[in-house]
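With compact mmCIF, C-alpha atoms and all ligand atoms inside, this is model20.txt:
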```txt
# COMPACT_ATOMS: atom_id res chain seq x y z
CA MET T 243 22.89 -53.73 -27.94
CA PRO T 244 23.80 -56.10 -25.11
CA SER T 245 23.86 -54.52 -21.69
CA SER T 246 24.05 -55.52 -18.07
CA ARG T 247 20.38 -54.56 -17.84
CA ASN T 248 19.45 -57.29 -20.30
CA ILE T 249 21.35 -59.86 -18.27
CA ARG T 250 19.50 -58.84 -15.14
CA VAL T 251 16.20 -59.18 -16.97
CA VAL T 252 17.12 -62.69 -18.12
CA THR T 253 18.34 -63.72 -14.69
CA ALA T 254 15.24 -62.32 -13.03
CA ILE T 255 12.89 -64.15 -15.38
CA CYS T 256 14.74 -67.46 -15.07
CA GLY T 257 14.99 -67.17 -11.31
CA SER T 258 11.47 -66.02 -10.59
CA LEU T 259 9.54 -68.43 -12.78
CA LEU T 260 11.69 -71.51 -12.12
CA VAL T 261 11.66 -72.25 -15.81
CA ALA T 262 13.95 -74.55 -17.71
CA CYS T 263 16.88 -72.21 -18.06
CA VAL T 264 19.57 -74.01 -20.00
CA GLY T 265 23.17 -73.15 -19.13
CA ASP T 266 24.31 -70.10 -17.25
CA SER T 267 22.16 -67.12 -18.14
CA SER T 268 24.89 -64.76 -16.96
CA ASP T 269 27.03 -65.58 -20.00
CA SER T 270 24.22 -65.81 -22.53
CA ALA T 271 24.24 -62.10 -23.37
CA THR T 272 27.85 -61.13 -23.00
CA PRO T 273 28.30 -57.37 -22.86
CA GLY T 274 30.49 -55.85 -25.53
CA GLY T 275 30.58 -55.81 -29.29
CA LEU T 276 29.77 -58.57 -31.70
CA GLU T 277 32.49 -61.05 -32.44
CA GLU T 278 33.32 -64.13 -34.39
CA SER T 279 32.15 -67.34 -32.82
CA VAL T 280 32.79 -71.04 -33.37
CA GLY T 281 30.05 -73.48 -32.60
CA VAL T 282 27.72 -71.38 -30.41
CA VAL T 283 25.57 -68.32 -31.08
CA ASP T 284 23.56 -66.82 -28.24
CA VAL T 285 20.39 -65.00 -29.26
CA THR T 286 18.30 -63.02 -26.77
CA ALA T 287 14.84 -61.67 -27.56
CA ILE T 288 14.05 -58.37 -25.87
CA TYR T 289 11.12 -55.97 -26.04
CA ASP T 290 11.59 -52.24 -25.71
CA ALA T 291 8.14 -51.16 -24.56
CA ALA T 292 8.90 -47.43 -24.79
CA ALA T 293 9.81 -47.71 -28.46
CA ASP T 294 7.47 -50.66 -29.14
CA GLU T 295 10.45 -52.48 -30.68
CA HIS T 296 11.34 -56.17 -30.63
CA ARG T 297 15.02 -57.06 -30.98
CA PHE T 298 17.42 -59.96 -31.25
CA VAL T 299 20.65 -59.39 -29.33
CA THR T 300 23.22 -61.83 -30.73
CA SER T 301 26.60 -62.82 -29.29
CA ALA T 302 28.19 -63.00 -32.75
CA ASP T 303 27.59 -61.75 -36.27
CA THR T 304 30.12 -64.16 -37.79
CA VAL T 305 30.43 -67.89 -37.19
CA ALA T 306 32.42 -70.72 -38.78
CA ALA T 307 30.55 -73.19 -40.98
CA GLY T 308 29.60 -76.51 -39.43
CA TRP T 309 27.54 -77.67 -36.47
CA THR T 310 26.32 -74.64 -34.56
CA THR T 311 24.30 -74.38 -31.36
CA PHE T 312 21.76 -71.55 -31.22
CA ARG T 313 20.97 -70.82 -27.57
CA PHE T 314 17.81 -68.71 -27.55
CA THR T 315 16.77 -66.78 -24.45
CA ASN T 316 13.33 -65.21 -24.55
CA ALA T 317 13.68 -62.25 -22.18
CA SER T 318 10.58 -60.62 -23.68
CA PRO T 319 7.01 -60.88 -22.34
CA MET T 320 5.82 -62.22 -25.71
CA LEU T 321 6.43 -65.41 -27.67
CA HIS T 322 9.25 -65.51 -30.24
CA PHE T 323 11.35 -67.86 -32.35
CA VAL T 324 14.45 -67.62 -34.51
CA PHE T 325 14.01 -68.47 -38.20
CA LEU T 326 17.10 -68.65 -40.42
CA ASP T 327 16.97 -67.48 -44.03
CA HIS T 328 20.07 -68.41 -46.06
CA LEU T 329 20.22 -65.63 -48.64
CA PRO T 330 21.60 -66.08 -52.15
CA GLY T 331 24.92 -64.44 -53.04
CA ASP T 332 26.11 -61.55 -50.90
CA ARG T 333 22.67 -60.24 -50.01
CA THR T 334 21.97 -59.19 -46.43
CA SER T 335 19.03 -58.21 -44.27
CA THR T 336 19.05 -54.84 -46.04
CA ASP T 337 17.98 -56.56 -49.27
CA LEU T 338 15.49 -58.82 -47.52
CA LEU T 339 13.84 -55.92 -45.68
CA ALA T 340 13.75 -53.76 -48.82
CA GLU T 341 12.48 -56.27 -51.37
CA VAL T 342 10.88 -59.27 -49.67
CA SER T 343 9.56 -58.40 -46.23
CA PRO T 344 7.28 -55.53 -47.34
CA VAL T 345 5.49 -57.90 -49.70
CA PHE T 346 4.62 -60.23 -46.83
CA GLN T 347 3.45 -57.31 -44.68
CA GLU T 348 1.31 -55.91 -47.51
CA SER T 349 -0.23 -59.34 -48.04
CA MET T 350 -1.03 -59.69 -44.33
CA ASP T 351 -2.50 -56.18 -44.23
CA LEU T 352 -4.80 -57.12 -47.13
CA THR T 353 -5.75 -60.39 -45.43
CA ILE T 354 -6.73 -58.46 -42.31
CA ALA T 355 -8.69 -56.01 -44.46
CA GLY T 356 -10.72 -58.93 -45.82
CA ARG T 357 -9.24 -58.79 -49.34
CA PRO T 358 -7.85 -62.34 -49.80
CA ASP T 359 -7.53 -62.24 -53.59
CA GLU T 360 -5.39 -59.12 -53.46
CA ALA T 361 -3.46 -60.60 -50.54
CA ALA T 362 -2.48 -63.54 -52.72
CA ALA T 363 -1.77 -61.40 -55.79
CA VAL T 364 0.86 -59.20 -54.12
CA PHE T 365 3.28 -62.12 -53.92
CA ALA T 366 3.90 -61.50 -57.64
CA LYS T 367 5.95 -58.53 -56.42
CA LEU T 368 8.57 -60.79 -54.83
CA PRO T 369 11.98 -60.50 -56.51
CA GLU T 370 13.18 -63.50 -58.53
CA TRP T 371 15.87 -64.20 -55.93
CA PHE T 372 13.20 -64.92 -53.31
CA GLY T 373 13.04 -68.44 -54.75
CA GLU T 374 16.74 -68.90 -53.99
CA ILE T 375 16.34 -68.28 -50.25
CA VAL T 376 16.84 -71.49 -48.30
CA PHE T 377 15.08 -71.88 -44.96
CA ARG T 378 17.72 -73.31 -42.63
CA GLY T 379 15.95 -74.03 -39.35
CA GLY T 380 16.46 -72.26 -36.02
CA PRO T 381 15.17 -72.46 -32.45
CA GLY T 382 11.43 -73.11 -32.37
CA PHE T 383 8.60 -71.30 -30.60
CA THR T 384 9.81 -70.22 -27.15
CA SER T 385 7.53 -68.87 -24.44
CA PRO T 386 8.52 -65.87 -22.29
CA GLY T 387 11.22 -66.72 -19.75
CA TYR T 388 12.34 -69.92 -21.45
CA VAL T 389 15.71 -70.76 -22.95
CA THR T 390 15.75 -73.20 -25.86
CA GLU T 391 18.59 -74.68 -27.88
CA ALA T 392 18.73 -75.89 -31.47
CA VAL T 393 21.78 -77.39 -33.16
CA LEU T 394 22.08 -76.98 -36.93
CA TYR T 395 24.64 -77.59 -39.65
CA LEU T 396 25.39 -74.26 -41.34
CA GLU T 397 26.82 -73.95 -44.83
CA PRO T 398 28.92 -70.83 -45.63
CA GLY T 399 26.99 -67.73 -46.67
CA ASN T 400 24.84 -64.88 -45.44
CA TYR T 401 21.93 -65.56 -43.13
CA VAL T 402 19.19 -63.46 -41.60
CA LEU T 403 17.68 -64.42 -38.25
CA GLU T 404 14.06 -63.29 -38.11
CA CYS T 405 10.85 -63.69 -36.13
CA TYR T 406 7.49 -63.43 -37.89
CA VAL T 407 5.22 -63.61 -34.87
CA LYS T 408 2.65 -60.78 -35.17
CA THR T 409 1.10 -58.09 -33.02
CA LEU T 410 -2.70 -58.05 -32.71
CA GLU T 411 -2.64 -55.41 -35.47
CA GLY T 412 -0.89 -57.89 -37.77
CA VAL T 413 2.57 -56.30 -37.75
CA PHE T 414 5.35 -58.87 -38.06
CA HIS T 415 8.08 -58.72 -35.42
CA TRP T 416 10.81 -58.32 -38.07
CA ASN T 417 8.96 -55.12 -39.04
CA LEU T 418 9.42 -53.92 -35.44
CA GLY T 419 13.17 -54.60 -35.41
CA MET T 420 13.42 -58.34 -34.74
CA HIS T 421 16.09 -59.43 -37.23
CA ALA T 422 19.84 -59.94 -37.24
CA ASP T 423 22.51 -60.75 -39.84
CA LEU T 424 24.80 -63.74 -39.44
CA HIS T 425 27.76 -64.37 -41.75
CA VAL T 426 28.97 -67.96 -41.95
CA THR T 427 32.60 -68.22 -43.07
CA GLU T 428 34.20 -70.87 -45.28
CA ASP T 429 36.18 -72.18 -42.28
CA VAL T 430 34.55 -75.35 -41.06
CA ALA T 431 34.34 -75.57 -37.28
CA GLN T 432 35.67 -78.79 -35.80
CA THR T 433 32.45 -79.25 -33.88
CA ALA T 434 30.89 -82.67 -34.11
CA ALA T 435 27.22 -83.41 -34.59
CA PRO T 436 25.37 -84.00 -31.32
CA GLU T 437 25.47 -87.65 -30.24
CA ASN T 438 23.02 -90.09 -28.70
CA PRO T 439 19.64 -88.40 -29.18
CA THR T 440 17.03 -89.79 -26.79
CA LEU T 441 14.12 -89.03 -29.15
CA GLN T 442 13.92 -89.13 -32.96
CA ILE T 443 11.29 -87.38 -35.07
CA THR T 444 10.93 -87.98 -38.80
CA LEU T 445 8.84 -85.51 -40.81
CA THR T 446 7.41 -86.86 -44.06
CA ASP T 447 4.73 -85.64 -46.47
CA SER T 448 2.07 -87.65 -44.66
CA ASP T 449 3.25 -88.02 -41.10
CA MET T 450 5.26 -87.01 -38.05
CA VAL T 451 6.85 -90.15 -36.63
CA VAL T 452 8.18 -89.97 -33.06
CA GLU T 453 10.45 -92.69 -31.66
CA GLY T 454 11.77 -93.03 -28.11
CA ASP T 455 10.50 -92.77 -24.54
CA VAL T 456 9.02 -89.45 -23.45
CA SER T 457 10.29 -89.80 -19.89
CA ARG T 458 10.64 -86.87 -17.52
CA GLY T 459 13.98 -85.10 -17.62
CA GLU T 460 16.37 -83.83 -20.26
CA HIS T 461 16.28 -84.99 -23.85
CA LEU T 462 18.16 -84.45 -27.06
CA VAL T 463 15.70 -84.64 -29.95
CA ALA T 464 16.90 -85.42 -33.49
CA VAL T 465 14.59 -84.12 -36.23
CA HIS T 466 14.91 -85.67 -39.68
CA PHE T 467 13.46 -83.57 -42.51
CA GLN T 468 12.16 -86.05 -45.09
CA GLU T 469 9.28 -84.20 -46.77
CA GLU T 470 9.45 -84.79 -50.52
CA ASN T 471 6.82 -82.15 -51.36
CA PRO T 472 6.79 -79.43 -48.68
CA GLY T 473 4.65 -76.29 -48.97
CA LEU T 474 6.20 -72.82 -48.91
CA PHE T 475 7.11 -73.59 -45.32
CA GLY T 476 7.87 -77.23 -44.68
CA LYS T 477 6.99 -79.16 -41.56
CA ASP T 478 8.81 -78.18 -38.41
CA VAL T 479 8.42 -79.32 -34.79
CA HIS T 480 7.47 -77.32 -31.71
CA VAL T 481 6.73 -78.68 -28.24
CA ALA T 482 3.87 -77.18 -26.23
CA ARG T 483 2.38 -77.99 -22.83
CA LEU T 484 -1.34 -78.59 -22.96
CA ASP T 485 -2.19 -79.04 -19.27
CA ARG T 486 -2.19 -75.38 -18.29
CA GLY T 487 -5.61 -74.49 -19.63
CA SER T 488 -4.66 -74.84 -23.30
CA ASP T 489 -7.15 -75.88 -25.95
CA LEU T 490 -5.70 -78.02 -28.74
CA GLU T 491 -8.20 -76.83 -31.34
CA GLU T 492 -7.41 -73.19 -30.59
CA LEU T 493 -3.70 -74.00 -30.76
CA VAL T 494 -4.00 -75.65 -34.18
CA THR T 495 -5.76 -72.55 -35.56
CA TRP T 496 -3.17 -70.26 -34.00
CA MET T 497 -0.34 -72.24 -35.66
CA ASP T 498 -1.64 -71.08 -39.08
CA ALA T 499 0.47 -68.05 -39.99
CA ASN T 500 -1.93 -67.08 -42.80
CA GLN T 501 -4.85 -66.55 -40.44
CA VAL T 502 -5.48 -63.07 -39.04
CA GLU T 503 -5.17 -64.45 -35.49
CA GLY T 504 -2.36 -66.84 -36.42
CA LEU T 505 0.96 -66.42 -34.56
CA THR T 506 -0.23 -63.33 -32.71
CA SER T 507 1.29 -62.64 -29.31
CA THR T 508 0.62 -60.12 -26.56
CA THR T 509 1.99 -59.59 -23.08
CA GLU T 510 -1.35 -60.69 -21.63
CA ASN T 511 -1.65 -63.73 -23.89
CA PRO T 512 1.74 -64.72 -25.36
CA ALA T 513 0.36 -67.90 -27.01
CA PRO T 514 -2.45 -70.45 -26.52
CA ALA T 515 0.05 -72.86 -24.91
CA THR T 516 3.47 -72.85 -23.25
CA PHE T 517 6.17 -73.55 -25.84
CA VAL T 518 9.32 -75.17 -24.48
CA GLY T 519 11.45 -76.12 -27.50
CA GLY T 520 11.61 -77.14 -31.12
CA VAL T 521 13.23 -76.45 -34.45
CA GLN T 522 12.20 -74.60 -37.61
CA ASP T 523 11.99 -76.29 -40.98
CA MET T 524 14.99 -77.28 -43.10
CA PRO T 525 15.29 -78.74 -46.61
CA LEU T 526 14.86 -82.42 -47.42
CA GLY T 527 17.67 -84.63 -46.14
CA ASN T 528 18.76 -82.42 -43.23
CA THR T 529 18.81 -83.41 -39.58
CA ALA T 530 18.65 -80.85 -36.77
CA TYR T 531 18.65 -81.30 -33.00
CA PHE T 532 17.04 -79.55 -30.07
CA LYS T 533 17.25 -79.85 -26.32
CA LEU T 534 14.09 -80.46 -24.35
CA THR T 535 13.28 -80.76 -20.66
CA LEU T 536 10.09 -82.71 -20.00
CA GLU T 537 8.09 -82.59 -16.78
CA PRO T 538 5.16 -84.87 -15.97
CA GLY T 539 2.11 -83.63 -17.87
CA GLU T 540 0.35 -83.32 -21.21
CA TYR T 541 2.21 -82.11 -24.29
CA VAL T 542 1.95 -81.90 -28.06
CA TRP T 543 4.50 -82.06 -30.88
CA ILE T 544 3.06 -79.65 -33.44
CA SER T 545 4.09 -78.13 -36.78
CA GLU T 546 3.44 -74.59 -37.95
CA LEU T 547 1.12 -75.39 -40.85
CA PRO T 548 -2.21 -74.23 -42.33
CA ALA T 549 -5.06 -75.16 -39.96
CA ALA T 550 -6.75 -77.05 -42.80
CA ALA T 551 -3.87 -79.55 -42.90
CA PRO T 552 -2.37 -79.68 -39.42
CA SER T 553 0.32 -82.04 -38.16
CA PHE T 554 0.57 -82.83 -34.45
CA LYS T 555 0.93 -85.67 -31.95
CA THR T 556 -0.12 -85.37 -28.31
CA PHE T 557 1.81 -87.23 -25.62
CA THR T 558 1.89 -87.69 -21.85
CA VAL T 559 5.03 -87.54 -19.74
CA PRO T 560 4.55 -89.90 -16.78
CA GLU T 561 5.50 -89.17 -13.16
CU CU O 1 8.98 -62.38 -32.23
```

Please, can you express the file's structure as structure tokens?
Ligand SMILES: [Cu+2]
Amino acid sequence: MPSSRNIRVVTAICGSLLVACVGDSSDSATPGGLEESVGVVDVTAIYDAAADEHRFVTSADTVAAGWTTFRFTNASPMLHFVFLDHLPGDRTSTDLLAEVSPVFQESMDLTIAGRPDEAAAVFAKLPEWFGEIVFRGGPGFTSPGYVTEAVLYLEPGNYVLECYVKTLEGVFHWNLGMHADLHVTEDVAQTAAPENPTLQITLTDSDMVVEGDVSRGEHLVAVHFQEENPGLFGKDVHVARLDRGSDLEELVTWMDANQVEGLTSTTENPAPATFVGGVQDMPLGNTAYFKLTLEPGEYVWISELPAAAPSFKTFTVPE
């Protein structure tokens, strides 16, 4: 639950590392109970080392439909993201964790055990309603100490916020507590779509097209989801710095969630690069936005995809 201790942790991380802390961290994890929100949901990632538990602390468990800003503070020493599952009917995280999540964990356990055929076969255990889950975006990969923001249009319904980064042992973070329910009401918030994006990214079956000037400073990035034939997970966009000893080839392999080493994170090595913003995949025809602060240096726009078919574009931010 939110506490003043969490706020101090966030403030300490933002202050000590001089990272791109968006907004006022002191109000990003308001103490008190959950409440209904319009337009903004704060999510804070925390790690309870004593219990070895990862958690999302959210400012609201109910929000009006419409354009919603997810402000994600990573106050944990490991990398995280927020992935939104729109569940069919009145299902909640209880159903997801009982019927869907264990199948993915069993498959990963078999992959790690070197039994790929069995790993693939266990997906037959998924309930029929798994196919009705709609992936609805969310803040992208966020390195420790960073605050990222994604703006999404939410339809009414029940959502689960989850993180499927893994431990070195292959345990998904949702299996260690990192999930939260969000109910989106029929009331439509009178919040407008973000205006005047400085960068536009269009994701298609064959390409990732980036338009605009990657100048230093603050940007609003519009991401247009135009893949006609996405895989299980469609293309998304994450922004990583490459000029801090990162190796692009290693990063591409790490972005493959199906690999044993894929999306693993530890305190000593949170990720092969510093992730500063992005947005998770959404269905064809959607547009999402994310805020991004660019400093002079080397970066990459990169999707979370199988390493055999990666999608990325490197770029340089000039002085
Ligand atoms: Cu996580």

Nearest to His480 (chain T) by atom-to-atom distance, counting all atoms listed in the file, from T:Val518, T:Leu321, T:Leu396, T:Val283: T:Val518

Atom-to-atom span, CA of Tyr406 (chain T) and CA of Asn500 (chain T), Å: 11.2 Å

Nearby polymer residues, ligand CU 1 (chain O), at most 12 Å, only C-alpha atoms and all ligand atoms, as a ChimeraX atom specification: /T:286-289,295-298,314-325,381-386,403-409,413-421,505-509,512-513

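Separating CA of Gly308 (chain T) from CA of Tyr401 (chain T) is a distance of 13.9 Å.
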
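Computed from the coordinates, the CA of Asp290 (chain T) to CA of Gly504 (chain T) distance equals 22.9 Å.
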
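Shortest separation to Ala435 (chain T) among T:Val479, T:Leu493, T:Val465, T:Ala530 occurs at residue T:Ala530, atoms counted being only C-alpha atoms.
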
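Across T:Asp359, T:Thr556, T:Leu326, T:Tyr388, the tightest approach to Leu424 (chain T) is made by T:Leu326 when counting all atoms listed in the file.
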
Region 521-527 of chain T surroundings by only C-alpha atoms, 7 Å radius, close-in-sequence under 5 positions cut, as JSON, numbers by chain: {"T": [325, 377, 378, 379, 380, 381, 382, 392, 467, 468, 469, 470, 476, 477, 478, 479, 480, 532]}

Protein and nucleic acid residues near (2.1, -57.3, -42.5) (cut-off 7 Å, only C-alpha atoms) as a list of chain:residue names: T:Phe346, T:Gln347, T:Glu348, T:Ser349, T:Met350, T:Asp351, T:Gly412, T:Val413, T:Phe414

Contact residues around His466 (chain T) with only C-alpha atoms at 8 Å, ignoring same-chain residues under 5 positions, as a VMD selection string: chain T and resid 442 to 445 527 to 530

Residue neighbourhood Arg483 (chain T), 8 Å, all atoms listed in the file, exclusion window fewer than 2 positions, as an NGL selection string: :T and (481 or 485-486 or 488 or 515-518 or 539-542)

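Closest approach to Thr300 (chain T) among T:Val494, T:Leu410, T:Ala422, T:Ala366 is made by T:Ala422 (distances from all atoms listed in the file).
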
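Remark: for Asp337 (chain T), the closest of the candidate residues T:Pro358, T:Pro548, T:Pro369, T:Gly387 is T:Pro369 (distances computed over only C-alpha atoms).
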
Just so I have it separately, write region 331-362 of chain T from the block I sent, keeping N, CA and C atoms, as a CSV table (one decimal), in the first residue's frame.
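Below is the file decode_0.csv, written as the result:
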```
chain,number,residue,atom,x,y,z
T,331,GLY,N,-15.7,-9.5,-20.4
T,331,GLY,CA,-16.8,-9.6,-19.4
T,331,GLY,C,-16.4,-9.0,-18.0
T,332,ASP,N,-16.8,-9.6,-17.0
T,332,ASP,CA,-16.5,-9.1,-15.6
T,332,ASP,C,-15.3,-9.8,-14.9
T,333,ARG,N,-14.5,-10.4,-15.7
T,333,ARG,CA,-13.3,-11.1,-15.2
T,333,ARG,C,-12.3,-10.0,-14.6
T,334,THR,N,-11.6,-10.5,-13.6
T,334,THR,CA,-10.6,-9.7,-12.9
T,334,THR,C,-9.2,-10.4,-12.9
T,335,SER,N,-8.3,-9.8,-12.2
T,335,SER,CA,-7.0,-10.4,-12.0
T,335,SER,C,-7.1,-11.8,-11.4
T,336,THR,N,-8.1,-12.0,-10.6
T,336,THR,CA,-8.2,-13.3,-9.9
T,336,THR,C,-8.4,-14.4,-11.0
T,337,ASP,N,-9.2,-14.1,-12.0
T,337,ASP,CA,-9.4,-15.1,-13.1
T,337,ASP,C,-8.1,-15.2,-13.9
T,338,LEU,N,-7.4,-14.1,-14.2
T,338,LEU,CA,-6.2,-14.1,-15.0
T,338,LEU,C,-5.1,-15.0,-14.3
T,339,LEU,N,-5.0,-14.7,-13.0
T,339,LEU,CA,-3.9,-15.4,-12.2
T,339,LEU,C,-4.2,-16.8,-12.0
T,340,ALA,N,-5.5,-17.2,-12.0
T,340,ALA,CA,-5.9,-18.6,-11.8
T,340,ALA,C,-5.8,-19.4,-13.1
T,341,GLU,N,-6.2,-18.8,-14.2
T,341,GLU,CA,-6.4,-19.6,-15.4
T,341,GLU,C,-5.4,-19.4,-16.5
T,342,VAL,N,-4.8,-18.2,-16.6
T,342,VAL,CA,-3.9,-17.8,-17.7
T,342,VAL,C,-2.5,-17.8,-17.3
T,343,SER,N,-2.2,-17.0,-16.2
T,343,SER,CA,-0.8,-16.8,-15.9
T,343,SER,C,0.0,-18.0,-15.6
T,344,PRO,N,-0.6,-19.0,-14.9
T,344,PRO,CA,0.2,-20.3,-14.6
T,344,PRO,C,0.6,-21.0,-15.9
T,345,VAL,N,-0.2,-20.9,-16.9
T,345,VAL,CA,0.2,-21.5,-18.2
T,345,VAL,C,1.5,-20.9,-18.7
T,346,PHE,N,1.5,-19.6,-18.7
T,346,PHE,CA,2.8,-18.9,-19.2
T,346,PHE,C,4.0,-19.2,-18.3
T,347,GLN,N,3.8,-19.3,-17.0
T,347,GLN,CA,4.9,-19.7,-16.1
T,347,GLN,C,5.3,-21.1,-16.4
T,348,GLU,N,4.4,-22.0,-16.5
T,348,GLU,CA,4.7,-23.4,-16.8
T,348,GLU,C,5.5,-23.5,-18.1
T,349,SER,N,5.1,-22.8,-19.1
T,349,SER,CA,5.8,-22.8,-20.4
T,349,SER,C,7.2,-22.3,-20.3
T,350,MET,N,7.3,-21.2,-19.5
T,350,MET,CA,8.7,-20.7,-19.3
T,350,MET,C,9.6,-21.7,-18.5
T,351,ASP,N,9.0,-22.3,-17.5
T,351,ASP,CA,9.8,-23.3,-16.7
T,351,ASP,C,10.3,-24.4,-17.6
T,352,LEU,N,9.4,-24.8,-18.6
T,352,LEU,CA,9.8,-25.9,-19.5
T,352,LEU,C,10.8,-25.4,-20.5
T,353,THR,N,10.7,-24.2,-20.9
T,353,THR,CA,11.7,-23.6,-21.8
T,353,THR,C,13.1,-23.6,-21.1
T,354,ILE,N,13.1,-23.2,-19.9
T,354,ILE,CA,14.4,-23.1,-19.1
T,354,ILE,C,14.9,-24.5,-18.9
T,355,ALA,N,14.0,-25.5,-18.7
T,355,ALA,CA,14.4,-26.9,-18.5
T,355,ALA,C,14.9,-27.6,-19.8
T,356,GLY,N,14.8,-26.8,-20.9
T,356,GLY,CA,15.3,-27.4,-22.2
T,356,GLY,C,14.3,-28.3,-22.9
T,357,ARG,N,13.0,-28.1,-22.6
T,357,ARG,CA,12.0,-28.9,-23.2
T,357,ARG,C,11.0,-28.0,-24.0
T,358,PRO,N,11.5,-27.6,-25.2
T,358,PRO,CA,10.7,-26.6,-26.0
T,358,PRO,C,9.4,-27.1,-26.5
T,359,ASP,N,9.4,-28.4,-26.9
T,359,ASP,CA,8.1,-28.9,-27.4
T,359,ASP,C,7.0,-28.9,-26.4
T,360,GLU,N,7.4,-29.3,-25.2
T,360,GLU,CA,6.4,-29.3,-24.1
T,360,GLU,C,6.0,-27.9,-23.7
T,361,ALA,N,7.0,-27.0,-23.8
T,361,ALA,CA,6.8,-25.6,-23.5
T,361,ALA,C,5.7,-25.0,-24.4
T,362,ALA,N,5.8,-25.4,-25.7
T,362,ALA,CA,4.8,-24.9,-26.7
T,362,ALA,C,3.4,-25.6,-26.4
```
